[in-house]
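K.L.:
Next comes coords21.txt, compact mmCIF, N, CA and C atoms:
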```txt
# COMPACT_ATOMS: atom_id res chain seq x y z
N MET A 1 122.83 111.61 117.76
CA MET A 1 122.93 110.58 116.75
C MET A 1 124.11 110.89 115.86
N SER A 2 125.27 110.35 116.16
CA SER A 2 126.46 110.70 115.41
C SER A 2 126.73 109.76 114.25
N GLY A 3 126.06 108.62 114.16
CA GLY A 3 126.30 107.72 113.06
C GLY A 3 125.29 106.62 113.01
N SER A 4 125.30 105.88 111.89
CA SER A 4 124.31 104.85 111.69
C SER A 4 124.52 103.65 112.61
N SER A 5 125.74 103.47 113.17
CA SER A 5 126.00 102.34 114.05
C SER A 5 125.14 102.40 115.30
N GLU A 6 124.65 103.60 115.64
CA GLU A 6 123.79 103.76 116.80
C GLU A 6 122.34 103.46 116.49
N LEU A 7 121.99 103.32 115.23
CA LEU A 7 120.60 103.12 114.83
C LEU A 7 120.28 101.66 114.59
N SER A 8 119.07 101.29 114.91
CA SER A 8 118.61 99.91 114.68
C SER A 8 118.41 99.69 113.19
N SER A 9 118.33 98.43 112.80
CA SER A 9 118.09 98.12 111.39
C SER A 9 116.71 98.62 110.96
N THR A 10 115.76 98.62 111.87
CA THR A 10 114.42 99.14 111.57
C THR A 10 114.50 100.63 111.27
N ALA A 11 115.25 101.36 112.09
CA ALA A 11 115.40 102.80 111.88
C ALA A 11 116.08 103.06 110.54
N LEU A 12 117.12 102.32 110.24
CA LEU A 12 117.82 102.50 108.96
C LEU A 12 116.90 102.21 107.78
N ARG A 13 116.07 101.19 107.88
CA ARG A 13 115.13 100.86 106.81
C ARG A 13 114.14 102.01 106.60
N CYS A 14 113.59 102.52 107.69
CA CYS A 14 112.64 103.63 107.61
C CYS A 14 113.29 104.87 107.01
N LEU A 15 114.47 105.21 107.48
CA LEU A 15 115.17 106.40 107.00
C LEU A 15 115.57 106.26 105.53
N ASP A 16 116.00 105.06 105.15
CA ASP A 16 116.39 104.82 103.77
C ASP A 16 115.19 104.99 102.84
N GLY A 17 114.04 104.47 103.24
CA GLY A 17 112.83 104.64 102.44
C GLY A 17 112.44 106.10 102.31
N GLN A 18 112.55 106.84 103.40
CA GLN A 18 112.21 108.26 103.38
C GLN A 18 113.20 109.06 102.54
N LEU A 19 114.47 108.67 102.56
CA LEU A 19 115.47 109.33 101.74
C LEU A 19 115.11 109.18 100.26
N GLY A 20 114.80 107.97 99.85
CA GLY A 20 114.41 107.72 98.46
C GLY A 20 113.19 108.51 98.06
N GLU A 21 112.19 108.54 98.94
CA GLU A 21 110.96 109.27 98.65
C GLU A 21 111.22 110.77 98.53
N ALA A 22 112.01 111.32 99.43
CA ALA A 22 112.32 112.76 99.40
C ALA A 22 113.05 113.12 98.10
N LEU A 23 113.99 112.28 97.69
CA LEU A 23 114.72 112.55 96.45
C LEU A 23 113.80 112.47 95.24
N ASP A 24 112.97 111.44 95.18
CA ASP A 24 112.04 111.29 94.05
C ASP A 24 111.09 112.48 93.96
N LEU A 25 110.54 112.86 95.10
CA LEU A 25 109.61 113.99 95.12
C LEU A 25 110.32 115.30 94.75
N ALA A 26 111.55 115.48 95.20
CA ALA A 26 112.30 116.70 94.88
C ALA A 26 112.50 116.83 93.37
N VAL A 27 112.85 115.74 92.71
CA VAL A 27 113.04 115.77 91.26
C VAL A 27 111.72 116.05 90.56
N SER A 28 110.67 115.39 90.99
CA SER A 28 109.36 115.63 90.37
C SER A 28 108.92 117.07 90.54
N CYS A 29 109.13 117.63 91.73
CA CYS A 29 108.75 119.03 91.97
C CYS A 29 109.56 119.97 91.10
N ARG A 30 110.84 119.69 90.93
CA ARG A 30 111.68 120.55 90.09
C ARG A 30 111.19 120.51 88.64
N LEU A 31 110.86 119.32 88.14
CA LEU A 31 110.35 119.20 86.76
C LEU A 31 109.01 119.89 86.61
N LEU A 32 108.14 119.72 87.59
CA LEU A 32 106.83 120.38 87.54
C LEU A 32 106.96 121.89 87.66
N SER A 33 107.93 122.35 88.43
CA SER A 33 108.17 123.78 88.54
C SER A 33 108.56 124.36 87.18
N ASP A 34 109.46 123.67 86.51
CA ASP A 34 109.87 124.12 85.18
C ASP A 34 108.69 124.15 84.22
N ARG A 35 107.85 123.14 84.31
CA ARG A 35 106.68 123.05 83.44
C ARG A 35 105.70 124.19 83.75
N ALA A 36 105.48 124.46 85.04
CA ALA A 36 104.57 125.54 85.43
C ALA A 36 105.12 126.89 84.98
N ARG A 37 106.42 127.08 85.13
CA ARG A 37 107.05 128.34 84.72
C ARG A 37 106.89 128.55 83.21
N SER A 38 107.15 127.50 82.44
CA SER A 38 107.02 127.64 80.98
C SER A 38 105.56 127.81 80.56
N GLY A 39 104.63 127.38 81.41
CA GLY A 39 103.22 127.57 81.13
C GLY A 39 102.68 128.90 81.65
N GLY A 40 103.55 129.73 82.22
CA GLY A 40 103.14 131.04 82.69
C GLY A 40 102.52 131.07 84.08
N ASP A 41 102.64 129.98 84.82
CA ASP A 41 102.06 129.89 86.17
C ASP A 41 103.16 130.12 87.20
N ALA A 42 103.48 131.39 87.41
CA ALA A 42 104.63 131.75 88.25
C ALA A 42 104.45 131.34 89.71
N LEU A 43 103.26 131.51 90.28
CA LEU A 43 103.05 131.18 91.69
C LEU A 43 103.26 129.69 91.95
N THR A 44 102.68 128.85 91.10
CA THR A 44 102.86 127.40 91.26
C THR A 44 104.32 127.03 91.03
N ALA A 45 104.96 127.67 90.06
CA ALA A 45 106.38 127.38 89.78
C ALA A 45 107.24 127.67 90.99
N VAL A 46 107.02 128.82 91.63
CA VAL A 46 107.81 129.18 92.81
C VAL A 46 107.52 128.23 93.97
N THR A 47 106.26 127.89 94.16
CA THR A 47 105.87 126.97 95.24
C THR A 47 106.53 125.61 95.04
N LEU A 48 106.49 125.10 93.82
CA LEU A 48 107.10 123.80 93.53
C LEU A 48 108.62 123.85 93.65
N HIS A 49 109.21 124.96 93.22
CA HIS A 49 110.66 125.11 93.34
C HIS A 49 111.08 125.08 94.82
N GLN A 50 110.33 125.79 95.66
CA GLN A 50 110.63 125.80 97.10
C GLN A 50 110.43 124.42 97.71
N LEU A 51 109.39 123.72 97.28
CA LEU A 51 109.16 122.37 97.78
C LEU A 51 110.31 121.45 97.38
N SER A 52 110.78 121.57 96.16
CA SER A 52 111.92 120.77 95.71
C SER A 52 113.14 121.06 96.57
N SER A 53 113.36 122.34 96.85
CA SER A 53 114.50 122.73 97.69
C SER A 53 114.36 122.18 99.11
N ASP A 54 113.17 122.26 99.68
CA ASP A 54 112.93 121.73 101.03
C ASP A 54 113.17 120.23 101.09
N LEU A 55 112.71 119.52 100.06
CA LEU A 55 112.88 118.07 100.03
C LEU A 55 114.34 117.68 99.83
N THR A 56 115.05 118.45 99.04
CA THR A 56 116.49 118.20 98.86
C THR A 56 117.22 118.42 100.17
N ASP A 57 116.83 119.45 100.91
CA ASP A 57 117.42 119.69 102.23
C ASP A 57 117.16 118.51 103.17
N GLN A 58 115.94 117.99 103.14
CA GLN A 58 115.61 116.83 103.99
C GLN A 58 116.45 115.61 103.60
N ALA A 59 116.61 115.40 102.31
CA ALA A 59 117.43 114.28 101.84
C ALA A 59 118.88 114.44 102.30
N THR A 60 119.37 115.67 102.30
CA THR A 60 120.73 115.94 102.77
C THR A 60 120.88 115.61 104.25
N ILE A 61 119.83 115.85 105.01
CA ILE A 61 119.85 115.51 106.44
C ILE A 61 119.79 114.00 106.64
N LEU A 62 118.97 113.31 105.85
CA LEU A 62 118.78 111.87 106.01
C LEU A 62 119.98 111.06 105.51
N ALA A 63 120.63 111.52 104.45
CA ALA A 63 121.69 110.74 103.81
C ALA A 63 122.79 110.27 104.76
N PRO A 64 123.36 111.14 105.60
CA PRO A 64 124.43 110.66 106.47
C PRO A 64 123.95 109.64 107.51
N LEU A 65 122.67 109.70 107.83
CA LEU A 65 122.13 108.75 108.81
C LEU A 65 122.09 107.33 108.27
N VAL A 66 121.91 107.21 106.95
CA VAL A 66 121.90 105.89 106.34
C VAL A 66 123.19 105.61 105.58
N CYS A 67 124.18 106.50 105.79
CA CYS A 67 125.53 106.34 105.23
C CYS A 67 125.56 106.25 103.71
N VAL A 68 124.84 107.15 103.06
CA VAL A 68 124.89 107.23 101.60
C VAL A 68 124.99 108.69 101.21
N GLU A 69 125.46 108.91 100.01
CA GLU A 69 125.48 110.25 99.44
C GLU A 69 124.18 110.43 98.68
N PRO A 70 123.49 111.56 98.88
CA PRO A 70 122.26 111.77 98.10
C PRO A 70 122.59 111.87 96.62
N ALA A 71 121.89 111.09 95.82
CA ALA A 71 122.11 111.07 94.39
C ALA A 71 120.88 111.60 93.68
N ALA A 72 121.04 111.88 92.42
CA ALA A 72 119.88 112.32 91.64
C ALA A 72 118.91 111.16 91.53
N ALA A 73 117.66 111.45 91.74
CA ALA A 73 116.62 110.42 91.65
C ALA A 73 115.84 110.62 90.36
N SER A 74 115.23 109.56 89.91
CA SER A 74 114.38 109.68 88.74
C SER A 74 112.95 109.91 89.20
N PRO A 75 112.26 110.82 88.57
CA PRO A 75 110.91 111.14 89.03
C PRO A 75 109.94 110.03 88.69
N LEU A 76 109.01 109.80 89.59
CA LEU A 76 107.92 108.88 89.35
C LEU A 76 106.70 109.75 89.12
N SER A 77 106.54 110.17 87.88
CA SER A 77 105.49 111.13 87.57
C SER A 77 104.64 110.63 86.42
N PRO A 78 103.53 111.30 86.16
CA PRO A 78 102.67 110.90 85.06
C PRO A 78 103.41 110.92 83.73
N ASP A 79 102.80 110.34 82.74
CA ASP A 79 103.33 110.28 81.38
C ASP A 79 103.86 111.64 80.95
N SER A 80 105.13 111.67 80.54
CA SER A 80 105.76 112.94 80.21
C SER A 80 105.14 113.60 78.98
N SER A 81 104.38 112.87 78.19
CA SER A 81 103.76 113.48 77.03
C SER A 81 102.49 114.25 77.40
N SER A 82 102.02 114.04 78.60
CA SER A 82 100.82 114.73 79.04
C SER A 82 101.13 116.20 79.30
N SER A 83 100.28 117.08 78.81
CA SER A 83 100.49 118.50 79.06
C SER A 83 99.48 119.03 80.06
N ASP A 84 98.68 118.18 80.65
CA ASP A 84 97.65 118.60 81.59
C ASP A 84 98.26 118.85 82.96
N ALA A 85 98.51 120.13 83.26
CA ALA A 85 99.14 120.50 84.53
C ALA A 85 98.30 120.05 85.72
N ASP A 86 96.99 120.08 85.59
CA ASP A 86 96.13 119.66 86.69
C ASP A 86 96.35 118.20 87.05
N SER A 87 96.55 117.34 86.06
CA SER A 87 96.77 115.93 86.36
C SER A 87 98.14 115.71 87.01
N TRP A 88 99.13 116.48 86.58
CA TRP A 88 100.45 116.39 87.19
C TRP A 88 100.39 116.83 88.65
N LEU A 89 99.71 117.93 88.89
CA LEU A 89 99.59 118.43 90.27
C LEU A 89 98.77 117.49 91.13
N ALA A 90 97.74 116.88 90.56
CA ALA A 90 96.94 115.91 91.31
C ALA A 90 97.79 114.69 91.68
N ALA A 91 98.62 114.25 90.76
CA ALA A 91 99.51 113.11 91.05
C ALA A 91 100.51 113.48 92.14
N LEU A 92 101.05 114.69 92.08
CA LEU A 92 101.98 115.14 93.11
C LEU A 92 101.28 115.24 94.46
N ASP A 93 100.07 115.77 94.47
CA ASP A 93 99.29 115.87 95.70
C ASP A 93 99.09 114.48 96.32
N ALA A 94 98.76 113.51 95.49
CA ALA A 94 98.57 112.14 95.99
C ALA A 94 99.87 111.57 96.55
N ARG A 95 100.97 111.83 95.87
CA ARG A 95 102.26 111.34 96.34
C ARG A 95 102.67 111.98 97.66
N LEU A 96 102.41 113.29 97.79
CA LEU A 96 102.74 113.97 99.06
C LEU A 96 101.88 113.42 100.19
N GLY A 97 100.61 113.17 99.91
CA GLY A 97 99.73 112.59 100.92
C GLY A 97 100.20 111.21 101.34
N ARG A 98 100.59 110.40 100.36
CA ARG A 98 101.08 109.05 100.66
C ARG A 98 102.39 109.12 101.44
N ALA A 99 103.28 110.02 101.05
CA ALA A 99 104.57 110.16 101.73
C ALA A 99 104.36 110.56 103.19
N ALA A 100 103.41 111.46 103.43
CA ALA A 100 103.12 111.89 104.81
C ALA A 100 102.60 110.71 105.63
N LEU A 101 101.72 109.92 105.03
CA LEU A 101 101.16 108.76 105.72
C LEU A 101 102.24 107.73 106.03
N VAL A 102 103.10 107.46 105.08
CA VAL A 102 104.18 106.48 105.29
C VAL A 102 105.14 106.98 106.37
N ALA A 103 105.51 108.25 106.32
CA ALA A 103 106.43 108.79 107.34
C ALA A 103 105.80 108.72 108.73
N GLN A 104 104.53 109.06 108.83
CA GLN A 104 103.85 109.00 110.12
C GLN A 104 103.71 107.57 110.61
N THR A 105 103.41 106.66 109.70
CA THR A 105 103.31 105.24 110.06
C THR A 105 104.67 104.70 110.50
N ASP A 106 105.72 105.06 109.76
CA ASP A 106 107.08 104.65 110.15
C ASP A 106 107.42 105.17 111.54
N ALA A 107 106.98 106.39 111.84
CA ALA A 107 107.28 106.98 113.15
C ALA A 107 106.63 106.22 114.29
N MET A 108 105.59 105.45 114.00
CA MET A 108 104.89 104.67 115.03
C MET A 108 105.42 103.25 115.16
N THR A 109 106.49 102.93 114.43
CA THR A 109 107.07 101.60 114.50
C THR A 109 107.56 101.31 115.91
N PRO A 110 107.13 100.20 116.50
CA PRO A 110 107.56 99.88 117.87
C PRO A 110 109.09 99.73 117.97
N GLY A 111 109.64 100.26 119.04
CA GLY A 111 111.06 100.12 119.32
C GLY A 111 111.96 101.07 118.57
N LEU A 112 111.38 101.98 117.83
CA LEU A 112 112.18 102.94 117.07
C LEU A 112 112.78 103.98 118.01
N GLU A 113 114.00 104.38 117.74
CA GLU A 113 114.69 105.37 118.56
C GLU A 113 113.90 106.68 118.57
N ALA A 114 113.87 107.34 119.72
CA ALA A 114 113.09 108.57 119.89
C ALA A 114 113.51 109.65 118.89
N THR A 115 114.79 109.76 118.62
CA THR A 115 115.25 110.79 117.69
C THR A 115 114.74 110.50 116.27
N VAL A 116 114.68 109.23 115.92
CA VAL A 116 114.19 108.85 114.59
C VAL A 116 112.68 109.08 114.52
N VAL A 117 111.98 108.79 115.61
CA VAL A 117 110.53 109.07 115.66
C VAL A 117 110.29 110.56 115.42
N GLY A 118 111.07 111.40 116.10
CA GLY A 118 110.93 112.84 115.93
C GLY A 118 111.23 113.28 114.51
N LEU A 119 112.26 112.73 113.91
CA LEU A 119 112.63 113.08 112.54
C LEU A 119 111.54 112.67 111.56
N LEU A 120 111.03 111.45 111.71
CA LEU A 120 109.98 110.98 110.82
C LEU A 120 108.69 111.77 110.99
N SER A 121 108.36 112.12 112.22
CA SER A 121 107.16 112.93 112.47
C SER A 121 107.31 114.31 111.85
N ALA A 122 108.49 114.90 111.96
CA ALA A 122 108.74 116.20 111.34
C ALA A 122 108.66 116.12 109.82
N LEU A 123 109.15 115.03 109.26
CA LEU A 123 109.08 114.85 107.82
C LEU A 123 107.63 114.70 107.37
N ALA A 124 106.83 113.96 108.13
CA ALA A 124 105.40 113.82 107.81
C ALA A 124 104.73 115.19 107.84
N ALA A 125 105.06 116.00 108.83
CA ALA A 125 104.49 117.35 108.93
C ALA A 125 104.92 118.20 107.75
N LEU A 126 106.17 118.08 107.33
CA LEU A 126 106.65 118.82 106.16
C LEU A 126 105.84 118.46 104.93
N TYR A 127 105.64 117.16 104.70
CA TYR A 127 104.85 116.73 103.55
C TYR A 127 103.43 117.30 103.61
N ARG A 128 102.81 117.23 104.79
CA ARG A 128 101.43 117.72 104.92
C ARG A 128 101.34 119.23 104.70
N THR A 129 102.23 119.99 105.31
CA THR A 129 102.15 121.45 105.17
C THR A 129 102.48 121.90 103.76
N ARG A 130 103.44 121.26 103.12
CA ARG A 130 103.78 121.64 101.76
C ARG A 130 102.66 121.25 100.80
N ARG A 131 102.00 120.15 101.09
CA ARG A 131 100.85 119.74 100.29
C ARG A 131 99.75 120.79 100.40
N GLU A 132 99.50 121.29 101.60
CA GLU A 132 98.49 122.33 101.80
C GLU A 132 98.88 123.63 101.11
N LEU A 133 100.17 123.99 101.19
CA LEU A 133 100.65 125.19 100.51
C LEU A 133 100.46 125.08 99.00
N LEU A 134 100.74 123.93 98.45
CA LEU A 134 100.56 123.71 97.02
C LEU A 134 99.09 123.84 96.64
N LEU A 135 98.22 123.31 97.47
CA LEU A 135 96.79 123.42 97.23
C LEU A 135 96.35 124.89 97.23
N VAL A 136 96.83 125.64 98.21
CA VAL A 136 96.49 127.06 98.29
C VAL A 136 97.00 127.80 97.06
N SER A 137 98.21 127.53 96.63
CA SER A 137 98.76 128.24 95.48
C SER A 137 97.97 127.93 94.21
N THR A 138 97.52 126.70 94.05
CA THR A 138 96.75 126.37 92.86
C THR A 138 95.35 127.00 92.91
N VAL A 139 94.78 127.11 94.11
CA VAL A 139 93.48 127.77 94.25
C VAL A 139 93.62 129.27 93.95
N LEU A 140 94.68 129.88 94.44
CA LEU A 140 94.91 131.31 94.16
C LEU A 140 95.13 131.55 92.67
N ASP A 141 95.84 130.63 92.02
CA ASP A 141 96.07 130.78 90.59
C ASP A 141 94.77 130.67 89.81
N ALA A 142 93.86 129.84 90.27
CA ALA A 142 92.59 129.65 89.58
C ALA A 142 91.67 130.86 89.76
N ALA A 143 91.91 131.62 90.83
CA ALA A 143 91.01 132.76 91.12
C ALA A 143 91.28 133.97 90.26
```
Take the structure from the file and write it as structure tokens.

P.N.:
Amino acid sequence: MSGSSELSSTALRCLDGQLGEALDLAVSCRLLSDRARSGGDALTAVTLHQLSSDLTDQATILAPLVCVEPAAASPLSPDSSSSDADSWLAALDARLGRAALVAQTDAMTPGLEATVVGLLSALAALYRTRRELLLVSTVLDAA
């Protein structure tokens, strides 16, 4: 896959949506990481920082496929005045679950190029595994 001219409009639509989602989630994870670090929750902070980095890497991979430069995204997160870390993490968990479902659903789109199906399936797996890792880190922190 050397360029977007080889991709169908359906593939470009799916990839563009995933690019936006990866960027939004990366920014939210970075902000939550900072919040966790300042709250003394080092394990969650490191986990969220790594998730932000992984999502930024995915956005970097997706961007050339849809012929755009990855830009800073604005986070879609709970009210910034809220200090309840549990509610922020619950919102992130829900977003990761939704992102995995959308990526997997996009991967099942009829007529989609095999390489795009593989990329979307891998992205869905990334969302699911990182969601599980985040859950484990929060359980360990609670123990």

K.L.:
So, counting only C-alpha atoms, which residue among A:Thr105, A:Ser52, A:Thr47, A:Gln18 is closest to A:Leu31?

P.N.:
A:Ser52

K.L.:
Per DSSP on the backbone, filter chain A down to the residues in alpha helix (DSSP H) and report them as a VMD selection string.

P.N.:
chain A and resid 9 to 38 42 to 62 85 to 107 114 to 142

K.L.:
When you draw a straight line from atom CA of A:Ser28 to atom CA of A:Arg95, how long is it in Å?

P.N.:
10.2 Å

K.L.:
With a distance cut-off of 6.5 Å and only N, CA and C atoms, select the neighbouring residues of stretch 57-61 of chain A, excluding the residue or stretch itself and same-chain residues fewer than 5 positions from it, and output the selection as a PDB file with N, CA and C atoms, keeping the file's coordinate frame.

P.N.:
```
ATOM      1  N   LEU A  19     114.470 108.670 102.560  1.00  0.00           N
ATOM      2  CA  LEU A  19     115.470 109.330 101.740  1.00  0.00           C
ATOM      3  C   LEU A  19     115.110 109.180 100.260  1.00  0.00           C
ATOM      4  N   ALA A  22     112.010 111.320  99.430  1.00  0.00           N
ATOM      5  CA  ALA A  22     112.320 112.760  99.400  1.00  0.00           C
ATOM      6  C   ALA A  22     113.050 113.120  98.100  1.00  0.00           C
ATOM      7  N   LEU A  23     113.990 112.280  97.690  1.00  0.00           N
ATOM      8  CA  LEU A  23     114.720 112.550  96.450  1.00  0.00           C
ATOM      9  C   LEU A  23     113.800 112.470  95.240  1.00  0.00           C
ATOM     10  N   SER A  52     110.780 121.570  96.160  1.00  0.00           N
ATOM     11  CA  SER A  52     111.920 120.770  95.710  1.00  0.00           C
ATOM     12  C   SER A  52     113.140 121.060  96.570  1.00  0.00           C
ATOM     13  N   PRO A  70     123.490 111.560  98.880  1.00  0.00           N
ATOM     14  CA  PRO A  70     122.260 111.770  98.100  1.00  0.00           C
ATOM     15  C   PRO A  70     122.590 111.870  96.620  1.00  0.00           C
TER      16      PRO A  70
END
```

K.L.:
What is the distance, in Å and to one decimal place, between atom CA of A:Leu134 and atom CA of A:Ser121?

P.N.:
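We find that atom CA of A:Leu134 and atom CA of A:Ser121 lie 20.0 Å from each other.
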
K.L.:
Record the distance separating atom CA of A:Gln50 and atom CA of A:Arg98, expressed in Å with one decimal.

P.N.:
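Between atom CA of A:Gln50 and atom CA of A:Arg98 the gap is 19.6 Å.
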
K.L.:
Of the candidates A:Ala122, A:Thr138, A:Leu133, A:Thr56, which one gets nearest to A:Ala103 if we count only N, CA and C atoms?

P.N.:
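Smallest distance to A:Ala103 is found for A:Ala122.
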
K.L.:
Pick out the closest residue to A:Gly17 from this set: A:Asp141, A:Asp84, A:Asp34, A:Asp106. Count only C-alpha atoms.

P.N.:
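Using only C-alpha atoms, the shortest distance to A:Gly17 belongs to A:Asp106.
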
K.L.:
Taking into account all atoms listed in the file, which residue in the set A:Ser9, A:Arg131, A:Ala45, A:Asp54 is nearest to A:Ser33?

P.N.:
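Comparing A:Ser9, A:Arg131, A:Ala45, A:Asp54 against A:Ser33, the winner is A:Ala45.
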
K.L.:
At most 12 Å from (115.3, 100.4, 108.4), file frame, only C-alpha atoms: which residues, as a PDB file with N, CA and C atoms, in the coordinates of the input?

P.N.:
```pdb
ATOM      1  N   SER A   4     125.300 105.880 111.890  1.00  0.00           N
ATOM      2  CA  SER A   4     124.310 104.850 111.690  1.00  0.00           C
ATOM      3  C   SER A   4     124.520 103.650 112.610  1.00  0.00           C
ATOM      4  N   LEU A   7     121.990 103.320 115.230  1.00  0.00           N
ATOM      5  CA  LEU A   7     120.600 103.120 114.830  1.00  0.00           C
ATOM      6  C   LEU A   7     120.280 101.660 114.590  1.00  0.00           C
ATOM      7  N   SER A   8     119.070 101.290 114.910  1.00  0.00           N
ATOM      8  CA  SER A   8     118.610  99.910 114.680  1.00  0.00           C
ATOM      9  C   SER A   8     118.410  99.690 113.190  1.00  0.00           C
ATOM     10  N   SER A   9     118.330  98.430 112.800  1.00  0.00           N
ATOM     11  CA  SER A   9     118.090  98.120 111.390  1.00  0.00           C
ATOM     12  C   SER A   9     116.710  98.620 110.960  1.00  0.00           C
ATOM     13  N   THR A  10     115.760  98.620 111.870  1.00  0.00           N
ATOM     14  CA  THR A  10     114.420  99.140 111.570  1.00  0.00           C
ATOM     15  C   THR A  10     114.500 100.630 111.270  1.00  0.00           C
ATOM     16  N   ALA A  11     115.250 101.360 112.090  1.00  0.00           N
ATOM     17  CA  ALA A  11     115.400 102.800 111.880  1.00  0.00           C
ATOM     18  C   ALA A  11     116.080 103.060 110.540  1.00  0.00           C
ATOM     19  N   LEU A  12     117.120 102.320 110.240  1.00  0.00           N
ATOM     20  CA  LEU A  12     117.820 102.500 108.960  1.00  0.00           C
ATOM     21  C   LEU A  12     116.900 102.210 107.780  1.00  0.00           C
ATOM     22  N   ARG A  13     116.070 101.190 107.880  1.00  0.00           N
ATOM     23  CA  ARG A  13     115.130 100.860 106.810  1.00  0.00           C
ATOM     24  C   ARG A  13     114.140 102.010 106.600  1.00  0.00           C
ATOM     25  N   CYS A  14     113.590 102.520 107.690  1.00  0.00           N
ATOM     26  CA  CYS A  14     112.640 103.630 107.610  1.00  0.00           C
ATOM     27  C   CYS A  14     113.290 104.870 107.010  1.00  0.00           C
ATOM     28  N   LEU A  15     114.470 105.210 107.480  1.00  0.00           N
ATOM     29  CA  LEU A  15     115.170 106.400 107.000  1.00  0.00           C
ATOM     30  C   LEU A  15     115.570 106.260 105.530  1.00  0.00           C
ATOM     31  N   ASP A  16     116.000 105.060 105.150  1.00  0.00           N
ATOM     32  CA  ASP A  16     116.390 104.820 103.770  1.00  0.00           C
ATOM     33  C   ASP A  16     115.190 104.990 102.840  1.00  0.00           C
ATOM     34  N   GLY A  17     114.040 104.470 103.240  1.00  0.00           N
ATOM     35  CA  GLY A  17     112.830 104.640 102.440  1.00  0.00           C
ATOM     36  C   GLY A  17     112.440 106.100 102.310  1.00  0.00           C
ATOM     37  N   GLN A  18     112.550 106.840 103.400  1.00  0.00           N
ATOM     38  CA  GLN A  18     112.210 108.260 103.380  1.00  0.00           C
ATOM     39  C   GLN A  18     113.200 109.060 102.540  1.00  0.00           C
ATOM     40  N   LEU A  19     114.470 108.670 102.560  1.00  0.00           N
ATOM     41  CA  LEU A  19     115.470 109.330 101.740  1.00  0.00           C
ATOM     42  C   LEU A  19     115.110 109.180 100.260  1.00  0.00           C
ATOM     43  N   LEU A  65     122.670 109.700 107.830  1.00  0.00           N
ATOM     44  CA  LEU A  65     122.130 108.750 108.810  1.00  0.00           C
ATOM     45  C   LEU A  65     122.090 107.330 108.270  1.00  0.00           C
ATOM     46  N   VAL A  66     121.910 107.210 106.950  1.00  0.00           N
ATOM     47  CA  VAL A  66     121.900 105.890 106.340  1.00  0.00           C
ATOM     48  C   VAL A  66     123.190 105.610 105.580  1.00  0.00           C
ATOM     49  N   ASP A 106     105.720 105.060 109.760  1.00  0.00           N
ATOM     50  CA  ASP A 106     107.080 104.650 110.150  1.00  0.00           C
ATOM     51  C   ASP A 106     107.420 105.170 111.540  1.00  0.00           C
ATOM     52  N   ALA A 107     106.980 106.390 111.840  1.00  0.00           N
ATOM     53  CA  ALA A 107     107.280 106.980 113.150  1.00  0.00           C
ATOM     54  C   ALA A 107     106.630 106.220 114.290  1.00  0.00           C
ATOM     55  N   THR A 109     106.490 102.930 114.430  1.00  0.00           N
ATOM     56  CA  THR A 109     107.070 101.600 114.500  1.00  0.00           C
ATOM     57  C   THR A 109     107.560 101.310 115.910  1.00  0.00           C
ATOM     58  N   GLY A 111     109.640 100.260 119.040  1.00  0.00           N
ATOM     59  CA  GLY A 111     111.060 100.120 119.320  1.00  0.00           C
ATOM     60  C   GLY A 111     111.960 101.070 118.570  1.00  0.00           C
ATOM     61  N   LEU A 112     111.380 101.980 117.830  1.00  0.00           N
ATOM     62  CA  LEU A 112     112.180 102.940 117.070  1.00  0.00           C
ATOM     63  C   LEU A 112     112.780 103.980 118.010  1.00  0.00           C
ATOM     64  N   GLU A 113     114.000 104.380 117.740  1.00  0.00           N
ATOM     65  CA  GLU A 113     114.690 105.370 118.560  1.00  0.00           C
ATOM     66  C   GLU A 113     113.900 106.680 118.570  1.00  0.00           C
ATOM     67  N   VAL A 116     114.680 109.230 115.920  1.00  0.00           N
ATOM     68  CA  VAL A 116     114.190 108.850 114.590  1.00  0.00           C
ATOM     69  C   VAL A 116     112.680 109.080 114.520  1.00  0.00           C
TER      70      VAL A 116
END
```

K.L.:
Between A:Gly118, A:Arg35, A:Cys29, A:Asp24, which is the closest to A:Leu51 once you count all atoms listed in the file?

P.N.:
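Going through A:Gly118, A:Arg35, A:Cys29, A:Asp24 one by one, the smallest distance to A:Leu51 is for A:Cys29.
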
K.L.:
Any chance you could build stretch 22-27 of chain A out to N, CA, C and O atoms and write it as a compact mmCIF listing (two decimals), keeping the file's coordinate frame?

P.N.:
```
# COMPACT_ATOMS: atom_id res chain seq x y z
N ALA A 22 112.01 111.32 99.43
CA ALA A 22 112.32 112.76 99.40
C ALA A 22 113.05 113.12 98.10
O ALA A 22 112.74 114.14 97.47
N LEU A 23 113.99 112.28 97.69
CA LEU A 23 114.72 112.55 96.45
C LEU A 23 113.80 112.47 95.24
O LEU A 23 113.86 113.32 94.35
N ASP A 24 112.97 111.44 95.18
CA ASP A 24 112.04 111.29 94.05
C ASP A 24 111.09 112.48 93.96
O ASP A 24 110.85 113.03 92.88
N LEU A 25 110.54 112.86 95.10
CA LEU A 25 109.61 113.99 95.12
C LEU A 25 110.32 115.30 94.75
O LEU A 25 109.74 116.15 94.06
N ALA A 26 111.55 115.48 95.20
CA ALA A 26 112.30 116.70 94.88
C ALA A 26 112.50 116.83 93.37
O ALA A 26 112.31 117.91 92.81
N VAL A 27 112.85 115.74 92.71
CA VAL A 27 113.04 115.77 91.26
C VAL A 27 111.72 116.05 90.56
O VAL A 27 111.66 116.88 89.64
```
